[in-house]
$ cat upload-v4.cif   # mmCIF, C-alpha atoms and all ligand atoms
data_protein
loop_
_atom_site.group_PDB
_atom_site.id
_atom_site.type_symbol
_atom_site.label_atom_id
_atom_site.label_comp_id
_atom_site.auth_asym_id
_atom_site.auth_seq_id
_atom_site.Cartn_x
_atom_site.Cartn_y
_atom_site.Cartn_z
ATOM 1 C CA MET A 1223 9.657 22.257 -16.173
ATOM 2 C CA ARG A 1224 7.461 19.617 -14.495
ATOM 3 C CA GLU A 1225 3.755 19.757 -15.388
ATOM 4 C CA GLN A 1226 2.593 18.012 -12.257
ATOM 5 C CA ARG A 1227 1.448 19.794 -9.160
ATOM 6 C CA ARG A 1228 2.176 18.739 -5.617
ATOM 7 C CA VAL A 1229 1.165 15.558 -3.883
ATOM 8 C CA ALA A 1230 -0.167 15.864 -0.339
ATOM 9 C CA ILE A 1231 -0.135 13.063 2.210
ATOM 10 C CA VAL A 1232 -2.389 13.321 5.239
ATOM 11 C CA GLY A 1233 -1.219 10.931 7.953
ATOM 12 C CA VAL A 1234 2.459 10.143 7.603
ATOM 13 C CA GLY A 1235 2.755 7.078 9.784
ATOM 14 C CA LYS A 1236 4.132 3.828 8.344
ATOM 15 C CA MET A 1237 2.058 3.820 5.149
ATOM 16 C CA GLY A 1238 2.160 7.564 4.502
ATOM 17 C CA GLU A 1239 5.919 7.518 4.922
ATOM 18 C CA ALA A 1240 6.225 4.570 2.518
ATOM 19 C CA ILE A 1241 4.349 6.622 -0.121
ATOM 20 C CA VAL A 1242 6.600 9.647 0.423
ATOM 21 C CA ALA A 1243 9.743 7.500 0.228
ATOM 22 C CA GLY A 1244 8.512 5.745 -2.942
ATOM 23 C CA LEU A 1245 7.584 8.976 -4.732
ATOM 24 C CA ILE A 1246 10.952 10.551 -3.942
ATOM 25 C CA SER A 1247 12.916 7.439 -4.909
ATOM 26 C CA SER A 1248 11.007 7.297 -8.220
ATOM 27 C CA LYS A 1249 12.756 10.603 -9.064
ATOM 28 C CA ARG A 1250 9.532 11.888 -10.645
ATOM 29 C CA TYR A 1251 8.892 13.832 -7.452
ATOM 30 C CA THR A 1252 11.295 15.751 -5.258
ATOM 31 C CA ASN A 1253 10.897 16.632 -1.607
ATOM 32 C CA GLU A 1254 9.687 20.062 -2.760
ATOM 33 C CA ASP A 1255 6.717 18.525 -4.575
ATOM 34 C CA ILE A 1256 5.456 16.797 -1.441
ATOM 35 C CA LEU A 1257 3.334 18.326 1.268
ATOM 36 C CA CYS A 1258 2.532 16.369 4.421
ATOM 37 C CA TYR A 1259 0.228 16.789 7.341
ATOM 38 C CA ASP A 1260 0.084 14.609 10.440
ATOM 39 C CA ILE A 1261 -1.661 15.255 13.717
ATOM 40 C CA SER A 1262 1.457 14.085 15.547
ATOM 41 C CA PRO A 1263 4.147 16.800 15.986
ATOM 42 C CA GLU A 1264 6.771 14.048 16.336
ATOM 43 C CA ARG A 1265 5.852 12.549 12.951
ATOM 44 C CA ARG A 1266 5.897 15.993 11.319
ATOM 45 C CA GLU A 1267 9.336 16.672 12.715
ATOM 46 C CA TYR A 1268 10.558 13.226 11.677
ATOM 47 C CA MET A 1269 9.308 13.666 8.089
ATOM 48 C CA ARG A 1270 10.926 17.101 7.787
ATOM 49 C CA ASN A 1271 14.259 15.787 9.022
ATOM 50 C CA MET A 1272 14.192 12.484 7.172
ATOM 51 C CA TYR A 1273 12.905 13.569 3.739
ATOM 52 C CA GLY A 1274 13.137 17.364 3.734
ATOM 53 C CA VAL A 1275 9.427 17.563 2.872
ATOM 54 C CA ARG A 1276 7.177 20.418 3.936
ATOM 55 C CA CYS A 1277 4.931 19.394 6.801
ATOM 56 C CA LEU A 1278 1.976 21.562 7.722
ATOM 57 C CA ASP A 1279 1.237 22.042 11.415
ATOM 58 C CA LYS A 1280 -2.438 22.025 10.522
ATOM 59 C CA PRO A 1281 -4.470 21.657 7.318
ATOM 60 C CA SER A 1282 -4.445 24.936 5.384
ATOM 61 C CA GLU A 1283 -5.071 26.608 2.032
ATOM 62 C CA ASP A 1284 -1.627 25.359 0.945
ATOM 63 C CA MET A 1285 -3.197 21.949 0.387
ATOM 64 C CA ARG A 1286 -4.909 23.364 -2.706
ATOM 65 C CA GLU A 1287 -1.509 23.146 -4.431
ATOM 66 C CA ALA A 1288 -1.837 19.363 -4.406
ATOM 67 C CA SER A 1289 -3.307 17.591 -7.412
ATOM 68 C CA ILE A 1290 -3.470 14.350 -5.453
ATOM 69 C CA VAL A 1291 -4.176 14.050 -1.755
ATOM 70 C CA PHE A 1292 -3.412 10.677 -0.200
ATOM 71 C CA ILE A 1293 -5.131 10.056 3.097
ATOM 72 C CA ALA A 1294 -3.311 7.441 5.165
ATOM 73 C CA VAL A 1295 -4.786 7.563 8.659
ATOM 74 C CA LYS A 1296 -6.260 4.643 10.589
ATOM 75 C CA PRO A 1297 -9.933 3.997 9.787
ATOM 76 C CA ARG A 1298 -10.962 5.218 13.270
ATOM 77 C CA ASP A 1299 -9.348 8.618 12.545
ATOM 78 C CA MET A 1300 -10.805 8.953 9.060
ATOM 79 C CA SER A 1301 -13.866 11.009 9.937
ATOM 80 C CA GLU A 1302 -11.845 13.624 11.834
ATOM 81 C CA ALA A 1303 -9.105 13.738 9.195
ATOM 82 C CA LEU A 1304 -11.590 14.154 6.340
ATOM 83 C CA SER A 1305 -13.457 16.953 8.037
ATOM 84 C CA SER A 1306 -10.196 18.751 8.840
ATOM 85 C CA ILE A 1307 -9.086 18.778 5.185
ATOM 86 C CA SER A 1308 -12.317 18.857 3.205
ATOM 87 C CA SER A 1309 -12.551 22.642 2.893
ATOM 88 C CA TYR A 1310 -8.929 22.833 1.679
ATOM 89 C CA LEU A 1311 -9.255 20.419 -1.218
ATOM 90 C CA ASP A 1312 -9.010 22.087 -4.590
ATOM 91 C CA LYS A 1313 -11.821 21.337 -7.030
ATOM 92 C CA THR A 1314 -9.292 19.731 -9.380
ATOM 93 C CA SER A 1315 -7.730 17.540 -6.679
ATOM 94 C CA ILE A 1316 -8.106 13.770 -6.469
ATOM 95 C CA LEU A 1317 -8.543 12.171 -3.053
ATOM 96 C CA VAL A 1318 -6.867 8.780 -2.645
ATOM 97 C CA SER A 1319 -7.680 6.794 0.471
ATOM 98 C CA VAL A 1320 -5.254 4.134 1.618
ATOM 99 C CA ALA A 1321 -7.356 3.030 4.585
ATOM 100 C CA ALA A 1322 -8.542 -0.540 4.968
ATOM 101 C CA GLY A 1323 -12.258 -0.920 5.568
ATOM 102 C CA VAL A 1324 -13.327 2.575 4.549
ATOM 103 C CA PRO A 1325 -15.740 2.327 1.607
ATOM 104 C CA LEU A 1326 -15.890 4.831 -1.235
ATOM 105 C CA SER A 1327 -19.461 5.649 -0.198
ATOM 106 C CA TYR A 1328 -18.248 6.675 3.269
ATOM 107 C CA LEU A 1329 -15.514 8.858 1.791
ATOM 108 C CA ARG A 1330 -18.004 10.465 -0.595
ATOM 109 C CA ARG A 1331 -20.404 11.212 2.256
ATOM 110 C CA HIS A 1332 -17.632 13.014 4.153
ATOM 111 C CA ILE A 1333 -16.355 15.005 1.171
ATOM 112 C CA PRO A 1334 -19.078 17.337 -0.004
ATOM 113 C CA ARG A 1335 -17.030 18.582 -2.987
ATOM 114 C CA PRO A 1336 -17.482 16.853 -6.350
ATOM 115 C CA ILE A 1337 -13.848 15.746 -6.585
ATOM 116 C CA PRO A 1338 -12.808 12.277 -7.768
ATOM 117 C CA ILE A 1339 -12.262 9.766 -4.957
ATOM 118 C CA VAL A 1340 -10.156 6.627 -5.320
ATOM 119 C CA ARG A 1341 -9.664 3.845 -2.809
ATOM 120 C CA ILE A 1342 -6.425 1.865 -2.880
ATOM 121 C CA MET A 1343 -4.880 -1.067 -1.044
ATOM 122 C CA PRO A 1344 -1.076 -0.942 -1.198
ATOM 123 C CA ASN A 1345 1.589 -2.338 1.103
ATOM 124 C CA LEU A 1346 4.791 -1.100 2.687
ATOM 125 C CA ALA A 1347 6.808 -2.035 -0.408
ATOM 126 C CA CYS A 1348 5.634 1.357 -1.786
ATOM 127 C CA MET A 1349 8.814 2.485 -0.056
ATOM 128 C CA ILE A 1350 10.917 0.814 -2.774
ATOM 129 C CA SER A 1351 8.343 1.093 -5.590
ATOM 130 C CA GLU A 1352 7.609 -2.652 -5.398
ATOM 131 C CA SER A 1353 4.151 -2.572 -3.874
ATOM 132 C CA MET A 1354 1.155 -4.394 -5.245
ATOM 133 C CA ILE A 1355 -1.607 -1.811 -5.444
ATOM 134 C CA ALA A 1356 -5.276 -2.580 -6.026
ATOM 135 C CA TYR A 1357 -7.574 0.371 -6.615
ATOM 136 C CA SER A 1358 -11.316 0.950 -6.910
ATOM 137 C CA THR A 1359 -13.131 3.985 -8.186
ATOM 138 C CA GLU A 1360 -16.648 5.249 -8.344
ATOM 139 C CA TYR A 1361 -18.345 4.129 -11.557
ATOM 140 C CA ASP A 1362 -18.382 7.581 -13.157
ATOM 141 C CA ILE A 1363 -14.713 8.502 -12.791
ATOM 142 C CA ASP A 1364 -13.304 10.488 -15.708
ATOM 143 C CA SER A 1365 -10.938 8.342 -17.793
ATOM 144 C CA LYS A 1366 -8.257 11.075 -17.870
ATOM 145 C CA VAL A 1367 -8.352 11.341 -14.081
ATOM 146 C CA GLU A 1368 -8.090 7.569 -13.785
ATOM 147 C CA LYS A 1369 -5.118 7.496 -16.155
ATOM 148 C CA ASN A 1370 -3.448 10.188 -14.105
ATOM 149 C CA ILE A 1371 -3.918 8.326 -10.847
ATOM 150 C CA VAL A 1372 -2.722 5.025 -12.332
ATOM 151 C CA SER A 1373 0.398 6.726 -13.623
ATOM 152 C CA ILE A 1374 1.225 8.087 -10.149
ATOM 153 C CA LEU A 1375 0.418 4.799 -8.405
ATOM 154 C CA SER A 1376 2.667 3.037 -10.926
ATOM 155 C CA LEU A 1377 5.609 4.925 -9.403
ATOM 156 C CA LEU A 1378 4.940 2.918 -6.230
ATOM 157 C CA GLY A 1379 4.500 -0.544 -7.735
ATOM 158 C CA ARG A 1380 2.261 -2.748 -9.863
ATOM 159 C CA VAL A 1381 -1.293 -1.479 -10.206
ATOM 160 C CA VAL A 1382 -4.547 -3.369 -10.856
ATOM 161 C CA LYS A 1383 -8.145 -2.187 -10.784
ATOM 162 C CA ILE A 1384 -10.599 -4.271 -8.767
ATOM 163 C CA ASP A 1385 -14.260 -4.098 -7.982
ATOM 164 C CA GLU A 1386 -14.678 -2.626 -4.488
ATOM 165 C CA GLN A 1387 -16.337 -5.833 -3.260
ATOM 166 C CA TYR A 1388 -12.851 -7.466 -3.324
ATOM 167 C CA MET A 1389 -11.196 -4.814 -1.133
ATOM 168 C CA ASP A 1390 -11.373 -6.854 2.092
ATOM 169 C CA ALA A 1391 -9.691 -9.744 0.289
ATOM 170 C CA ALA A 1392 -7.104 -7.348 -1.158
ATOM 171 C CA THR A 1393 -6.508 -5.966 2.334
ATOM 172 C CA ALA A 1394 -5.692 -9.477 3.564
ATOM 173 C CA LEU A 1395 -3.583 -10.448 0.559
ATOM 174 C CA ILE A 1396 -1.819 -7.199 -0.357
ATOM 175 C CA GLY A 1397 -1.893 -5.067 2.793
ATOM 176 C CA SER A 1398 -1.059 -7.875 5.217
ATOM 177 C CA GLY A 1399 0.888 -9.880 2.622
ATOM 178 C CA PRO A 1400 4.399 -8.637 3.462
ATOM 179 C CA ALA A 1401 3.899 -9.936 7.028
ATOM 180 C CA TYR A 1402 3.065 -13.418 5.721
ATOM 181 C CA VAL A 1403 5.967 -13.440 3.293
ATOM 182 C CA ALA A 1404 8.277 -12.208 6.066
ATOM 183 C CA PHE A 1405 7.057 -15.160 8.120
ATOM 184 C CA VAL A 1406 8.020 -17.547 5.303
ATOM 185 C CA ILE A 1407 11.429 -15.923 4.892
ATOM 186 C CA GLU A 1408 12.029 -16.153 8.627
ATOM 187 C CA ALA A 1409 11.104 -19.852 8.579
ATOM 188 C CA LEU A 1410 13.422 -20.549 5.620
ATOM 189 C CA ALA A 1411 16.258 -18.665 7.306
ATOM 190 C CA ASP A 1412 15.697 -20.517 10.599
ATOM 191 C CA ALA A 1413 15.874 -23.785 8.684
ATOM 192 C CA GLY A 1414 19.216 -22.686 7.225
ATOM 193 C CA VAL A 1415 20.481 -21.810 10.708
ATOM 194 C CA ARG A 1416 19.336 -25.197 12.002
ATOM 195 C CA LEU A 1417 21.457 -26.748 9.286
ATOM 196 C CA GLY A 1418 24.475 -24.733 10.477
ATOM 197 C CA ILE A 1419 24.495 -21.800 8.045
ATOM 198 C CA PRO A 1420 25.544 -18.517 9.733
ATOM 199 C CA LYS A 1421 22.460 -16.399 10.564
ATOM 200 C CA ASN A 1422 23.215 -13.391 8.327
ATOM 201 C CA LEU A 1423 23.923 -15.652 5.346
ATOM 202 C CA ALA A 1424 20.835 -17.790 5.981
ATOM 203 C CA LEU A 1425 18.636 -14.661 5.939
ATOM 204 C CA ILE A 1426 20.113 -13.396 2.669
ATOM 205 C CA MET A 1427 19.749 -16.869 1.123
ATOM 206 C CA ALA A 1428 16.109 -17.105 2.206
ATOM 207 C CA ALA A 1429 15.073 -13.584 1.145
ATOM 208 C CA GLN A 1430 16.867 -13.703 -2.213
ATOM 209 C CA THR A 1431 15.351 -17.128 -2.937
ATOM 210 C CA VAL A 1432 11.852 -15.735 -2.323
ATOM 211 C CA LEU A 1433 12.654 -12.722 -4.521
ATOM 212 C CA GLY A 1434 14.017 -14.949 -7.302
ATOM 213 C CA ALA A 1435 11.010 -17.289 -7.244
ATOM 214 C CA SER A 1436 8.644 -14.287 -7.343
ATOM 215 C CA LYS A 1437 10.484 -12.773 -10.302
ATOM 216 C CA LEU A 1438 10.406 -16.076 -12.208
ATOM 217 C CA ILE A 1439 6.653 -16.310 -11.652
ATOM 218 C CA LEU A 1440 6.009 -12.684 -12.659
ATOM 219 C CA ASP A 1441 8.637 -11.985 -15.321
ATOM 220 C CA ARG A 1442 8.491 -15.370 -17.079
ATOM 221 C CA ASN A 1443 4.798 -15.930 -16.459
ATOM 222 C CA ILE A 1444 5.497 -19.320 -14.869
ATOM 223 C CA HIS A 1445 2.650 -20.720 -12.768
ATOM 224 C CA PRO A 1446 3.809 -21.635 -9.213
ATOM 225 C CA ALA A 1447 2.830 -25.287 -9.758
ATOM 226 C CA MET A 1448 5.004 -25.345 -12.877
ATOM 227 C CA LEU A 1449 7.940 -23.801 -11.009
ATOM 228 C CA ARG A 1450 7.516 -26.408 -8.268
ATOM 229 C CA ASP A 1451 7.527 -29.116 -10.910
ATOM 230 C CA MET A 1452 10.640 -27.690 -12.599
ATOM 231 C CA VAL A 1453 12.586 -27.792 -9.320
ATOM 232 C CA ALA A 1454 11.390 -31.151 -8.003
ATOM 233 C CA THR A 1455 13.153 -33.920 -9.911
ATOM 234 C CA PRO A 1456 11.857 -37.475 -9.418
ATOM 235 C CA GLY A 1457 13.461 -39.166 -6.415
ATOM 236 C CA GLY A 1458 15.326 -35.936 -5.575
ATOM 237 C CA THR A 1459 15.667 -33.737 -2.514
ATOM 238 C CA THR A 1460 12.872 -31.228 -3.205
ATOM 239 C CA VAL A 1461 10.057 -33.819 -3.284
ATOM 240 C CA GLU A 1462 11.121 -34.949 0.179
ATOM 241 C CA GLY A 1463 10.599 -31.410 1.475
ATOM 242 C CA LEU A 1464 7.344 -30.907 -0.467
ATOM 243 C CA LEU A 1465 5.952 -34.097 1.071
ATOM 244 C CA ILE A 1466 6.435 -32.641 4.566
ATOM 245 C CA LEU A 1467 4.777 -29.351 3.532
ATOM 246 C CA GLU A 1468 1.788 -31.350 2.220
ATOM 247 C CA GLU A 1469 1.641 -33.453 5.407
ATOM 248 C CA LYS A 1470 1.688 -30.301 7.555
ATOM 249 C CA ALA A 1471 -1.056 -28.733 5.398
ATOM 250 C CA VAL A 1472 1.007 -25.566 4.927
ATOM 251 C CA LYS A 1473 -0.906 -24.454 1.820
ATOM 252 C CA SER A 1474 -4.214 -24.910 3.588
ATOM 253 C CA ALA A 1475 -2.868 -22.978 6.602
ATOM 254 C CA PHE A 1476 -2.026 -20.014 4.363
ATOM 255 C CA ILE A 1477 -5.429 -20.087 2.709
ATOM 256 C CA HIS A 1478 -7.125 -20.120 6.119
ATOM 257 C CA ALA A 1479 -4.850 -17.394 7.490
ATOM 258 C CA ILE A 1480 -5.602 -15.016 4.636
ATOM 259 C CA SER A 1481 -9.308 -15.854 4.713
ATOM 260 C CA ARG A 1482 -9.357 -15.089 8.453
ATOM 261 C CA ALA A 1483 -7.608 -11.757 7.833
ATOM 262 C CA ALA A 1484 -10.204 -10.912 5.155
ATOM 263 C CA THR A 1485 -13.031 -11.762 7.556
ATOM 264 C CA LYS A 1486 -11.474 -9.480 10.157
ATOM 265 C CA ALA A 1487 -11.168 -6.709 7.539
ATOM 266 C CA SER A 1488 -14.881 -7.053 6.783
ATOM 267 C CA GLU A 1489 -15.740 -6.991 10.510
ATOM 268 C CA LEU A 1490 -13.718 -3.787 10.951
ATOM 269 C CA ARG A 1491 -15.285 -2.165 7.892
ATOM 270 C CA ILE A 1492 -16.788 1.250 8.591
ATOM 271 C CA GLN A 1493 -20.423 1.227 7.602
ATOM 272 C CA SER A 1494 -21.177 3.511 4.706
HETATM 273 N N1 LIG A 1501 0.825 -0.290 7.671
HETATM 274 C C1 LIG A 1501 0.524 -1.057 6.610
HETATM 275 O O1 LIG A 1501 1.230 -2.031 6.296
HETATM 276 C C2 LIG A 1501 -0.685 -0.723 5.765
HETATM 277 C C3 LIG A 1501 -0.918 -1.432 4.576
HETATM 278 C C4 LIG A 1501 -2.016 -1.099 3.786
HETATM 279 C C5 LIG A 1501 -2.897 -0.101 4.189
HETATM 280 N N2 LIG A 1501 -2.665 0.551 5.362
HETATM 281 C C6 LIG A 1501 -3.622 1.602 5.774
HETATM 282 O O2 LIG A 1501 -2.915 2.818 5.924
HETATM 283 C C7 LIG A 1501 -3.532 3.594 6.940
HETATM 284 C C8 LIG A 1501 -2.445 4.067 7.886
HETATM 285 O O3 LIG A 1501 -1.846 2.950 8.489
HETATM 286 P P1 LIG A 1501 -0.417 3.052 9.201
HETATM 287 O O4 LIG A 1501 0.006 1.672 9.487
HETATM 288 O O5 LIG A 1501 0.472 3.977 8.418
HETATM 289 O O6 LIG A 1501 -0.857 3.779 10.570
HETATM 290 P P2 LIG A 1501 0.035 4.690 11.505
HETATM 291 O O7 LIG A 1501 1.456 4.276 11.441
HETATM 292 O O8 LIG A 1501 -0.660 4.734 12.820
HETATM 293 O O9 LIG A 1501 -0.065 6.143 10.808
HETATM 294 C C9 LIG A 1501 -1.204 6.968 10.846
HETATM 295 C C10 LIG A 1501 -0.734 8.398 11.152
HETATM 296 O O10 LIG A 1501 -1.855 9.270 11.018
HETATM 297 C C11 LIG A 1501 -1.842 10.167 12.140
HETATM 298 N N3 LIG A 1501 -3.192 10.733 12.347
HETATM 299 C C12 LIG A 1501 -4.182 10.296 13.163
HETATM 300 N N4 LIG A 1501 -5.264 11.103 13.071
HETATM 301 C C13 LIG A 1501 -4.947 12.054 12.154
HETATM 302 C C14 LIG A 1501 -5.654 13.180 11.622
HETATM 303 N N5 LIG A 1501 -6.905 13.475 12.004
HETATM 304 N N6 LIG A 1501 -5.032 13.952 10.700
HETATM 305 C C15 LIG A 1501 -3.750 13.670 10.315
HETATM 306 N N7 LIG A 1501 -3.021 12.629 10.808
HETATM 307 C C16 LIG A 1501 -3.630 11.827 11.692
HETATM 308 C C17 LIG A 1501 -1.363 9.299 13.273
HETATM 309 O O11 LIG A 1501 -0.947 10.079 14.385
HETATM 310 P P3 LIG A 1501 -1.172 9.433 15.874
HETATM 311 O O12 LIG A 1501 -0.283 8.212 15.932
HETATM 312 O O13 LIG A 1501 -0.729 10.535 16.814
HETATM 313 O O14 LIG A 1501 -2.622 9.083 15.993
HETATM 314 C C18 LIG A 1501 -0.210 8.557 12.602
HETATM 315 O O15 LIG A 1501 0.978 9.324 12.596
HETATM 316 C C19 LIG A 1501 -4.576 2.693 7.641
HETATM 317 O O16 LIG A 1501 -5.857 3.115 7.296
HETATM 318 C C20 LIG A 1501 -4.284 1.302 7.118
HETATM 319 O O17 LIG A 1501 -5.482 0.570 6.918
HETATM 320 C C21 LIG A 1501 -1.589 0.277 6.158
#

$ encode --input "upload-v4.cif" --output "structure tokens" --more "lines below"
Ligand SMILES: NC(=O)c1ccc[n+]([C@@H]2O[C@H](COP(=O)([O-])OP(=O)(O)OC[C@H]3O[C@@H](n4cnc5c(N)ncnc54)[C@H](OP(=O)(O)O)[C@@H]3O)[C@@H](O)[C@H]2O)c1
Amino acid sequence: MREQRRVAIVGVGKMGEAIVAGLISSKRYTNEDILCYDISPERREYMRNMYGVRCLDKPSEDMREASIVFIAVKPRDMSEALSSISSYLDKTSILVSVAAGVPLSYLRRHIPRPIPIVRIMPNLACMISESMIAYSTEYDIDSKVEKNIVSILSLLGRVVKIDEQYMDAATALIGSGPAYVAFVIEALADAGVRLGIPKNLALIMAAQTVLGASKLILDRNIHPAMLRDMVATPGGTTVEGLLILEEKAVKSAFIHAISRAATKASELRIQS
């Protein structure tokens, strides 16, 4: 018999769906353990058909069955979503907000009940349990509650705790990150195509190469500069390519791109 109670997800758009898919694929949760609510009838119907999960037509007492309630609506819809669910949160539930730019203080102000509130920044790789997930809590969170939430988030990827002041940066790096990496993969694949490699093969070569380099860095604890050095033999082919990347200031472009995204995240931040 499983000890856990249900997980509820409010807002099952792209991110909410990724959480549902990740929890089910982890095999620690089944479709029967997951309760969804979305304001959009089309999304509710889609989630029922796609994952066999129960989708409420409106927030109800049934939400009390959930030990964890993820809220994955756009920041502009947060106030309405919170007020629609707040009276249905059980006193032992934990509220986990996925929204960029919505501070813990704002969430606390909209949830009158003394339940734990956690703010996370994941990405769409939750879908395959390979997300990076940064989380922040209020200072007085119970350690057992925190352990519980970390263990559930770990089903969706790699989890780190950060101070909330770094959430805008995490939004730019983690939340937006898959878009930047996709851009790199697309560029690598296009380069392969330019050199005559068939398109489908070039894409596989590019994506698997990015995956392999990431795994070397993470699993073997190799710093990226060290990996670069290991590949680039003196007078060889790689240094020729690296020279062009330096000339085109590609590293600097990435740093500026992610900094700009973080600035935008801070501009969009809802005031607490
Ligand atoms: N997408 C990402 O890669 C990503 C990454 C990290 C974090 N996030 C965060 O995740 C949150 C959701 O983003 P998303 O990309 O999944 O957005 P999305 O695809 O637009 O999904 C949001 C869903 O919530 C529904 N909704 C709106 N108001 C609601 C309410 N009051 N109650 C219940 N459902 C409601 C929306 O329905 P309607 O379309 O009918 O309004 C939509 O189906 C955002 O706060 C974002 O910052 C997203």

$ closest_atom_pairs --input "upload-v4.cif" --of "region 1375-1416 of chain A" --to "region 1426-1450 of chain A" --cutoff "12 Å" --atoms "all atoms listed in the file" --output "tab-separated table"
residue	atom	partner	partner_atom	distance
A:Arg1380	CA	A:Leu1440	CA	11.0
A:Pro1400	CA	A:Val1432	CA	11.8
A:Val1403	CA	A:Val1432	CA	8.5
A:Ala1404	CA	A:Ala1429	CA	8.5
A:Phe1405	CA	A:Ala1429	CA	10.7
A:Val1406	CA	A:Ala1428	CA	8.7
A:Ile1407	CA	A:Ala1428	CA	5.5
A:Glu1408	CA	A:Ala1428	CA	7.7
A:Ala1409	CA	A:Ala1428	CA	8.6
A:Leu1410	CA	A:Ala1428	CA	5.5
A:Ala1411	CA	A:Ala1428	CA	5.3
A:Asp1412	CA	A:Ala1428	CA	9.1
A:Ala1413	CA	A:Ala1428	CA	9.3
A:Gly1414	CA	A:Ala1428	CA	8.1
A:Val1415	CA	A:Ala1428	CA	10.7

$ atom_distance --input "upload-v4.cif" --atom1 "atom O13 of ligand LIG 1501 (chain A)" --atom2 "CA of Ile1261 (chain A)"
5.7 Å

$ residues_near_ligand --input "upload-v4.cif" --ligand "ligand LIG 1501 (chain A)" --cutoff "6 Å" --atoms "only C-alpha atoms and all ligand atoms" --output "mmCIF file with C-alpha atoms, keeping the file's coordinate frame"
data_model
loop_
_atom_site.group_PDB
_atom_site.id
_atom_site.type_symbol
_atom_site.label_atom_id
_atom_site.label_comp_id
_atom_site.auth_asym_id
_atom_site.auth_seq_id
_atom_site.Cartn_x
_atom_site.Cartn_y
_atom_site.Cartn_z
ATOM 1 C CA VAL A 1232 -2.389 13.321 5.239
ATOM 2 C CA GLY A 1233 -1.219 10.931 7.953
ATOM 3 C CA VAL A 1234 2.459 10.143 7.603
ATOM 4 C CA GLY A 1235 2.755 7.078 9.784
ATOM 5 C CA LYS A 1236 4.132 3.828 8.344
ATOM 6 C CA MET A 1237 2.058 3.820 5.149
ATOM 7 C CA GLY A 1238 2.160 7.564 4.502
ATOM 8 C CA TYR A 1259 0.228 16.789 7.341
ATOM 9 C CA ASP A 1260 0.084 14.609 10.440
ATOM 10 C CA ILE A 1261 -1.661 15.255 13.717
ATOM 11 C CA SER A 1262 1.457 14.085 15.547
ATOM 12 C CA ARG A 1265 5.852 12.549 12.951
ATOM 13 C CA ALA A 1294 -3.311 7.441 5.165
ATOM 14 C CA VAL A 1295 -4.786 7.563 8.659
ATOM 15 C CA LYS A 1296 -6.260 4.643 10.589
ATOM 16 C CA PRO A 1297 -9.933 3.997 9.787
ATOM 17 C CA ASP A 1299 -9.348 8.618 12.545
ATOM 18 C CA GLU A 1302 -11.845 13.624 11.834
ATOM 19 C CA ALA A 1303 -9.105 13.738 9.195
ATOM 20 C CA VAL A 1320 -5.254 4.134 1.618
ATOM 21 C CA ALA A 1321 -7.356 3.030 4.585
ATOM 22 C CA ALA A 1322 -8.542 -0.540 4.968
ATOM 23 C CA MET A 1343 -4.880 -1.067 -1.044
ATOM 24 C CA PRO A 1344 -1.076 -0.942 -1.198
ATOM 25 C CA ASN A 1345 1.589 -2.338 1.103
ATOM 26 C CA LEU A 1346 4.791 -1.100 2.687
ATOM 27 C CA GLY A 1397 -1.893 -5.067 2.793
#

$ resolve_selection --input "upload-v4.cif" --expression "the PyMOL selection byres (((chain A and resi 1283) around 12) and not hetatm)" --output "VMD selection string"
chain A and resid 1257 1278 1280 to 1282 1284 to 1288 1306 to 1312

$ residues_near_point --input "upload-v4.cif" --point "(11.8, 15.2, 7.5)" --cutoff "12 Å" --atoms "all atoms listed in the file" --output "list in words"
Val1234, Glu1239, Val1242, Ala1243, Asn1253, Glu1254, Ile1256, Leu1257, Cys1258, Tyr1259, Pro1263, Glu1264, Arg1265, Arg1266, Glu1267, Tyr1268, Met1269, Arg1270, Asn1271, Met1272, Tyr1273, Gly1274, Val1275, Arg1276, Cys1277 and Leu1278 of chain A

$ write_last_selection --input "upload-v4.cif" --atoms "C-alpha atoms" --output "PDB file, in the coordinates of the input"
ATOM      1  CA  VAL A1234       2.459  10.143   7.603  1.00  0.00           C
ATOM      2  CA  GLU A1239       5.919   7.518   4.922  1.00  0.00           C
ATOM      3  CA  VAL A1242       6.600   9.647   0.423  1.00  0.00           C
ATOM      4  CA  ALA A1243       9.743   7.500   0.228  1.00  0.00           C
ATOM      5  CA  ASN A1253      10.897  16.632  -1.607  1.00  0.00           C
ATOM      6  CA  GLU A1254       9.687  20.062  -2.760  1.00  0.00           C
ATOM      7  CA  ILE A1256       5.456  16.797  -1.441  1.00  0.00           C
ATOM      8  CA  LEU A1257       3.334  18.326   1.268  1.00  0.00           C
ATOM      9  CA  CYS A1258       2.532  16.369   4.421  1.00  0.00           C
ATOM     10  CA  TYR A1259       0.228  16.789   7.341  1.00  0.00           C
ATOM     11  CA  PRO A1263       4.147  16.800  15.986  1.00  0.00           C
ATOM     12  CA  GLU A1264       6.771  14.048  16.336  1.00  0.00           C
ATOM     13  CA  ARG A1265       5.852  12.549  12.951  1.00  0.00           C
ATOM     14  CA  ARG A1266       5.897  15.993  11.319  1.00  0.00           C
ATOM     15  CA  GLU A1267       9.336  16.672  12.715  1.00  0.00           C
ATOM     16  CA  TYR A1268      10.558  13.226  11.677  1.00  0.00           C
ATOM     17  CA  MET A1269       9.308  13.666   8.089  1.00  0.00           C
ATOM     18  CA  ARG A1270      10.926  17.101   7.787  1.00  0.00           C
ATOM     19  CA  ASN A1271      14.259  15.787   9.022  1.00  0.00           C
ATOM     20  CA  MET A1272      14.192  12.484   7.172  1.00  0.00           C
ATOM     21  CA  TYR A1273      12.905  13.569   3.739  1.00  0.00           C
ATOM     22  CA  GLY A1274      13.137  17.364   3.734  1.00  0.00           C
ATOM     23  CA  VAL A1275       9.427  17.563   2.872  1.00  0.00           C
ATOM     24  CA  ARG A1276       7.177  20.418   3.936  1.00  0.00           C
ATOM     25  CA  CYS A1277       4.931  19.394   6.801  1.00  0.00           C
ATOM     26  CA  LEU A1278       1.976  21.562   7.722  1.00  0.00           C
TER      27      LEU A1278
END
